[in-house]
Amino acid sequence: MSNASSFTKYSRSGSAIVKGTIEQGRFSIPYRIYESDGPHIICLNGVQQSMAMWHSLVERYTPYYRVVLFDFPNQGRGKVISGEALVSLDEQVDILREVIKATGTNKEVSLCAASWGGIIALAFASRYHGWVKQLCLASLGTKANDVMVETIKKGFAVDPKNRKKMADILIDSFGQNLPKNIKQKIIRQFNSMSQENLNAFYEHGLAVVETKKIGDLIKLSEIREKTFLIYGEKDTIIDLEDVKFLSSQIPGCQVRIVKDAGHFLHMEKVDIFDIYADILPIPPHL
């Protein structure tokens with residue numbers, strides 16, 4: 001069961017923004033809807049990222065699309081109310097289902113995801129046929145490459161009190177292309193993170209390393225929705241060959257490569273959405 005409460009305010013452009021919280025089982029899930037009569041988009045964050053990461057998408061697509069953002073537990077204002085801090089993939093899929101239902105999202109929705117959010121999107125599509133129109137998945141492969149494994153190992157070895165060192169390891173490993181202000185925001189995020197959330201972050205990293213391939217978790221051949229994999233050519237923790245292999249496992253999947261972009265491509269390049277032009281087209285008369 002879930003319970004959603006919300007209020008509405010108006011942006012400077014005059015379009016309605018609905019904010020609310022879904023109370024589902026042991027979780028509290030904040031969401032935001034940028035209302036529009038256009039097609040629907042739901043964005044799924046990467047690990048330890050919040051809905052704020054989609055600022056450039058919101059700027060690009062509202063008011064032409066109805067955009068739904070939300071935070072999973074341990075992201076932004078998302079909370080684990082009871083039980084262990086680590087949230088399973090099955091629980092994350094259930095949360096996405098509840099967000100779709102609570103926000104009145106229609107079945108023509110495009111799921112736009114980053115990194116681990118793409119895993120959740122694939123798992124959802126493999127289980128709930130006909131709930132979404134298409135998947136636009138950025139920075140996603142089938143397994144942890146050597147750089148990712150080494151990064152997680154280095155993070156585990158750091159004194160838990162040395163939060164800046166932890167943040168620096170991540171930034172040096174796969175956040176080199178981020179603007180300075182975003183790097184500073186990551187450092188502040190680690191400094192303010194609770195020990196419980198930090199533990200959940202590294203437990204998730206360990207689970208990623210131990211998982212051999214996405215195919216062990218998800219029946220990729222069951223996915224019927226049109227799927228696009230968006231890859232930043234400078235991504236150090238996802239290998240292009242692995243992205244191409246993942247694409248080969250999903251019927252009709254396409255790969256799009258973004259030049260001069262790394263793992264956090266939505267936060268690195270202002271023109272990232274040029275590659276989405278035919279995936280999420282803006283009506284020509286607007």
# chains A, B, ... in the order shown; residues from 1 in each chain; ligands from 1

$ closest_atom_pairs --of "region 210-262 of chain A" --to "region 74-91 of chain A" --cutoff "12 Å" --atoms "only C-alpha atoms" --output "CSV"
residue,atom,partner,partner_atom,distance
A:Ile214,CA,A:Leu89,CA,11.5
A:Leu217,CA,A:Leu89,CA,8.8
A:Ile218,CA,A:Leu89,CA,10.2

$ closest_residue --among "A:Phe72, A:Phe228, A:Trp116, A:Phe245" --to "His204 (chain A)" --atoms "only C-alpha atoms"
A:Trp116

$ closest_atom_pairs --of "region 164-201 of chain A" --to "region 51-59 of chain A" --cutoff "12 Å" --atoms "only C-alpha atoms" --output "tab-separated table"
residue	atom	partner	partner_atom	distance
A:Leu178	CA	A:Met53	CA	11.9
A:Ile182	CA	A:Met53	CA	9.7
A:Lys185	CA	A:Met53	CA	11.2
A:Ile186	CA	A:Met53	CA	11.4

$ closest_residue --among "A:Gln24, A:Gln249, A:Thr227, A:Asn191" --to "Ser110 (chain A)" --atoms "only C-alpha atoms"
A:Thr227

$ closest_atom_pairs --of "region 71-166 of chain A" --to "region 32-41 of chain A" --cutoff "10 Å" --atoms "only C-alpha atoms" --output "tab-separated table"
residue	atom	partner	partner_atom	distance
A:Asp71	CA	A:Arg32	CA	9.4
A:Thr103	CA	A:Ile33	CA	7.7
A:Gly104	CA	A:His40	CA	9.9
A:Thr105	CA	A:His40	CA	6.8
A:Asn106	CA	A:His40	CA	7.0
A:Lys107	CA	A:His40	CA	8.6
A:Glu108	CA	A:His40	CA	6.8
A:Val109	CA	A:His40	CA	4.6
A:Ser110	CA	A:Ile41	CA	4.8
A:Leu111	CA	A:Ile41	CA	5.9
A:Cys112	CA	A:Ile41	CA	6.9
A:Val132	CA	A:Ile41	CA	9.7
A:Lys133	CA	A:His40	CA	9.6
A:Gln134	CA	A:Ile41	CA	9.7
A:Leu135	CA	A:Ile41	CA	9.9

$ closest_residue --among "A:Val99, A:Leu220, A:Val67, A:Ile279" --to "Pro251 (chain A)" --atoms "only C-alpha atoms"
A:Leu220

$ atom_distance --atom1 "CA of Asn45 (chain A)" --atom2 "CA of Glu98 (chain A)"
15.9 Å

$ residues_around --residues "Gly262 (chain A)" --least-positions-apart "3" --cutoff "7 Å" --atoms "only C-alpha atoms" --output "ChimeraX atom specification"
/A:177,232-235,265

$ decode --residues "region 16-32 of chain A" --atoms "all heavy atoms" --output "PDB file, in the first residue's frame"
ATOM      1  N   ALA A  16       2.491  24.275 -13.673  1.00  0.00           N
ATOM      2  CA  ALA A  16       2.313  23.754 -12.320  1.00  0.00           C
ATOM      3  C   ALA A  16       3.409  22.762 -11.961  1.00  0.00           C
ATOM      4  O   ALA A  16       3.815  21.930 -12.783  1.00  0.00           O
ATOM      5  CB  ALA A  16       0.948  23.094 -12.200  1.00  0.00           C
ATOM      6  N   ILE A  17       3.893  22.847 -10.727  1.00  0.00           N
ATOM      7  CA  ILE A  17       4.834  21.871 -10.191  1.00  0.00           C
ATOM      8  C   ILE A  17       4.185  21.235  -8.972  1.00  0.00           C
ATOM      9  O   ILE A  17       3.832  21.930  -8.007  1.00  0.00           O
ATOM     10  CB  ILE A  17       6.170  22.510  -9.781  1.00  0.00           C
ATOM     11  CG1 ILE A  17       6.814  23.215 -10.969  1.00  0.00           C
ATOM     12  CG2 ILE A  17       7.117  21.452  -9.224  1.00  0.00           C
ATOM     13  CD1 ILE A  17       8.076  23.979 -10.611  1.00  0.00           C
ATOM     14  N   VAL A  18       3.975  19.936  -9.018  1.00  0.00           N
ATOM     15  CA  VAL A  18       3.357  19.213  -7.915  1.00  0.00           C
ATOM     16  C   VAL A  18       4.443  18.513  -7.118  1.00  0.00           C
ATOM     17  O   VAL A  18       5.269  17.799  -7.685  1.00  0.00           O
ATOM     18  CB  VAL A  18       2.342  18.171  -8.431  1.00  0.00           C
ATOM     19  CG1 VAL A  18       1.732  17.383  -7.273  1.00  0.00           C
ATOM     20  CG2 VAL A  18       1.262  18.848  -9.254  1.00  0.00           C
ATOM     21  N   LYS A  19       4.450  18.704  -5.812  1.00  0.00           N
ATOM     22  CA  LYS A  19       5.405  18.023  -4.936  1.00  0.00           C
ATOM     23  C   LYS A  19       4.633  17.140  -3.971  1.00  0.00           C
ATOM     24  O   LYS A  19       3.551  17.505  -3.513  1.00  0.00           O
ATOM     25  CB  LYS A  19       6.232  19.037  -4.144  1.00  0.00           C
ATOM     26  CG  LYS A  19       7.186  19.869  -4.976  1.00  0.00           C
ATOM     27  CD  LYS A  19       8.010  20.779  -4.078  1.00  0.00           C
ATOM     28  CE  LYS A  19       9.014  21.593  -4.875  1.00  0.00           C
ATOM     29  NZ  LYS A  19       9.839  22.465  -3.986  1.00  0.00           N
ATOM     30  N   GLY A  20       5.197  16.005  -3.640  1.00  0.00           N
ATOM     31  CA  GLY A  20       4.524  15.119  -2.702  1.00  0.00           C
ATOM     32  C   GLY A  20       5.449  14.050  -2.180  1.00  0.00           C
ATOM     33  O   GLY A  20       6.629  13.984  -2.538  1.00  0.00           O
ATOM     34  N   THR A  21       4.919  13.199  -1.317  1.00  0.00           N
ATOM     35  CA  THR A  21       5.676  12.094  -0.732  1.00  0.00           C
ATOM     36  C   THR A  21       4.818  10.839  -0.750  1.00  0.00           C
ATOM     37  O   THR A  21       3.632  10.889  -0.410  1.00  0.00           O
ATOM     38  CB  THR A  21       6.079  12.407   0.725  1.00  0.00           C
ATOM     39  OG1 THR A  21       6.847  13.612   0.748  1.00  0.00           O
ATOM     40  CG2 THR A  21       6.918  11.282   1.307  1.00  0.00           C
ATOM     41  N   ILE A  22       5.407   9.751  -1.162  1.00  0.00           N
ATOM     42  CA  ILE A  22       4.736   8.452  -1.152  1.00  0.00           C
ATOM     43  C   ILE A  22       5.261   7.666   0.044  1.00  0.00           C
ATOM     44  O   ILE A  22       6.471   7.463   0.171  1.00  0.00           O
ATOM     45  CB  ILE A  22       5.012   7.663  -2.446  1.00  0.00           C
ATOM     46  CG1 ILE A  22       4.510   8.435  -3.665  1.00  0.00           C
ATOM     47  CG2 ILE A  22       4.369   6.275  -2.393  1.00  0.00           C
ATOM     48  CD1 ILE A  22       5.021   7.878  -4.990  1.00  0.00           C
ATOM     49  N   GLU A  23       4.369   7.250   0.911  1.00  0.00           N
ATOM     50  CA  GLU A  23       4.751   6.392   2.037  1.00  0.00           C
ATOM     51  C   GLU A  23       4.429   4.962   1.634  1.00  0.00           C
ATOM     52  O   GLU A  23       3.257   4.589   1.530  1.00  0.00           O
ATOM     53  CB  GLU A  23       3.977   6.784   3.301  1.00  0.00           C
ATOM     54  CG  GLU A  23       4.146   8.243   3.707  1.00  0.00           C
ATOM     55  CD  GLU A  23       5.568   8.585   4.143  1.00  0.00           C
ATOM     56  OE1 GLU A  23       6.338   7.656   4.469  1.00  0.00           O
ATOM     57  OE2 GLU A  23       5.903   9.785   4.145  1.00  0.00           O
ATOM     58  N   GLN A  24       5.471   4.185   1.367  1.00  0.00           N
ATOM     59  CA  GLN A  24       5.264   2.820   0.900  1.00  0.00           C
ATOM     60  C   GLN A  24       6.039   1.847   1.774  1.00  0.00           C
ATOM     61  O   GLN A  24       7.268   1.804   1.745  1.00  0.00           O
ATOM     62  CB  GLN A  24       5.716   2.659  -0.555  1.00  0.00           C
ATOM     63  CG  GLN A  24       5.360   1.283  -1.113  1.00  0.00           C
ATOM     64  CD  GLN A  24       6.374   0.779  -2.125  1.00  0.00           C
ATOM     65  OE1 GLN A  24       7.280   1.492  -2.502  1.00  0.00           O
ATOM     66  NE2 GLN A  24       6.225  -0.466  -2.532  1.00  0.00           N
ATOM     67  N   GLY A  25       5.312   1.069   2.559  1.00  0.00           N
ATOM     68  CA  GLY A  25       5.969   0.092   3.416  1.00  0.00           C
ATOM     69  C   GLY A  25       6.992   0.748   4.324  1.00  0.00           C
ATOM     70  O   GLY A  25       6.675   1.637   5.111  1.00  0.00           O
ATOM     71  N   ARG A  26       8.253   0.342   4.169  1.00  0.00           N
ATOM     72  CA  ARG A  26       9.307   0.869   5.038  1.00  0.00           C
ATOM     73  C   ARG A  26      10.039   2.068   4.426  1.00  0.00           C
ATOM     74  O   ARG A  26      11.083   2.469   4.920  1.00  0.00           O
ATOM     75  CB  ARG A  26      10.289  -0.239   5.404  1.00  0.00           C
ATOM     76  CG  ARG A  26      11.125  -0.806   4.254  1.00  0.00           C
ATOM     77  CD  ARG A  26      11.859  -2.072   4.696  1.00  0.00           C
ATOM     78  NE  ARG A  26      12.898  -2.453   3.736  1.00  0.00           N
ATOM     79  CZ  ARG A  26      14.175  -2.093   3.835  1.00  0.00           C
ATOM     80  NH1 ARG A  26      14.571  -1.336   4.842  1.00  0.00           N
ATOM     81  NH2 ARG A  26      15.069  -2.477   2.946  1.00  0.00           N
ATOM     82  N   PHE A  27       9.456   2.652   3.386  1.00  0.00           N
ATOM     83  CA  PHE A  27      10.121   3.732   2.675  1.00  0.00           C
ATOM     84  C   PHE A  27       9.272   5.004   2.609  1.00  0.00           C
ATOM     85  O   PHE A  27       8.040   4.952   2.601  1.00  0.00           O
ATOM     86  CB  PHE A  27      10.455   3.312   1.241  1.00  0.00           C
ATOM     87  CG  PHE A  27      11.220   2.031   1.151  1.00  0.00           C
ATOM     88  CD1 PHE A  27      10.704   0.939   0.468  1.00  0.00           C
ATOM     89  CD2 PHE A  27      12.464   1.904   1.762  1.00  0.00           C
ATOM     90  CE1 PHE A  27      11.407  -0.246   0.380  1.00  0.00           C
ATOM     91  CE2 PHE A  27      13.173   0.717   1.690  1.00  0.00           C
ATOM     92  CZ  PHE A  27      12.651  -0.363   1.001  1.00  0.00           C
ATOM     93  N   SER A  28       9.962   6.140   2.522  1.00  0.00           N
ATOM     94  CA  SER A  28       9.341   7.430   2.256  1.00  0.00           C
ATOM     95  C   SER A  28       9.978   7.984   0.991  1.00  0.00           C
ATOM     96  O   SER A  28      11.197   8.199   0.945  1.00  0.00           O
ATOM     97  CB  SER A  28       9.557   8.383   3.438  1.00  0.00           C
ATOM     98  OG  SER A  28       9.020   9.653   3.158  1.00  0.00           O
ATOM     99  N   ILE A  29       9.173   8.201  -0.048  1.00  0.00           N
ATOM    100  CA  ILE A  29       9.670   8.558  -1.381  1.00  0.00           C
ATOM    101  C   ILE A  29       9.151   9.927  -1.801  1.00  0.00           C
ATOM    102  O   ILE A  29       7.967  10.088  -2.111  1.00  0.00           O
ATOM    103  CB  ILE A  29       9.237   7.504  -2.435  1.00  0.00           C
ATOM    104  CG1 ILE A  29       9.561   6.092  -1.982  1.00  0.00           C
ATOM    105  CG2 ILE A  29       9.867   7.824  -3.788  1.00  0.00           C
ATOM    106  CD1 ILE A  29      11.041   5.830  -1.767  1.00  0.00           C
ATOM    107  N   PRO A  30      10.020  10.951  -1.822  1.00  0.00           N
ATOM    108  CA  PRO A  30       9.588  12.268  -2.303  1.00  0.00           C
ATOM    109  C   PRO A  30       9.568  12.300  -3.834  1.00  0.00           C
ATOM    110  O   PRO A  30      10.399  11.662  -4.484  1.00  0.00           O
ATOM    111  CB  PRO A  30      10.669  13.205  -1.755  1.00  0.00           C
ATOM    112  CG  PRO A  30      11.895  12.353  -1.696  1.00  0.00           C
ATOM    113  CD  PRO A  30      11.428  10.961  -1.386  1.00  0.00           C
ATOM    114  N   TYR A  31       8.613  13.032  -4.379  1.00  0.00           N
ATOM    115  CA  TYR A  31       8.550  13.146  -5.832  1.00  0.00           C
ATOM    116  C   TYR A  31       8.186  14.565  -6.230  1.00  0.00           C
ATOM    117  O   TYR A  31       7.712  15.371  -5.425  1.00  0.00           O
ATOM    118  CB  TYR A  31       7.535  12.155  -6.422  1.00  0.00           C
ATOM    119  CG  TYR A  31       6.100  12.445  -6.060  1.00  0.00           C
ATOM    120  CD1 TYR A  31       5.326  13.338  -6.814  1.00  0.00           C
ATOM    121  CD2 TYR A  31       5.499  11.825  -4.963  1.00  0.00           C
ATOM    122  CE1 TYR A  31       4.014  13.606  -6.480  1.00  0.00           C
ATOM    123  CE2 TYR A  31       4.188  12.088  -4.621  1.00  0.00           C
ATOM    124  CZ  TYR A  31       3.451  12.980  -5.378  1.00  0.00           C
ATOM    125  OH  TYR A  31       2.148  13.252  -5.044  1.00  0.00           O
ATOM    126  N   ARG A  32       8.394  14.851  -7.499  1.00  0.00           N
ATOM    127  CA  ARG A  32       8.060  16.161  -8.052  1.00  0.00           C
ATOM    128  C   ARG A  32       7.538  15.947  -9.475  1.00  0.00           C
ATOM    129  O   ARG A  32       8.116  15.168 -10.241  1.00  0.00           O
ATOM    130  CB  ARG A  32       9.295  17.055  -8.069  1.00  0.00           C
ATOM    131  CG  ARG A  32       9.059  18.467  -8.577  1.00  0.00           C
ATOM    132  CD  ARG A  32      10.310  19.308  -8.453  1.00  0.00           C
ATOM    133  NE  ARG A  32      10.732  19.426  -7.070  1.00  0.00           N
ATOM    134  CZ  ARG A  32      11.857  20.008  -6.675  1.00  0.00           C
ATOM    135  NH1 ARG A  32      12.670  20.525  -7.566  1.00  0.00           N
ATOM    136  NH2 ARG A  32      12.161  20.072  -5.394  1.00  0.00           N
TER     137      ARG A  32
END
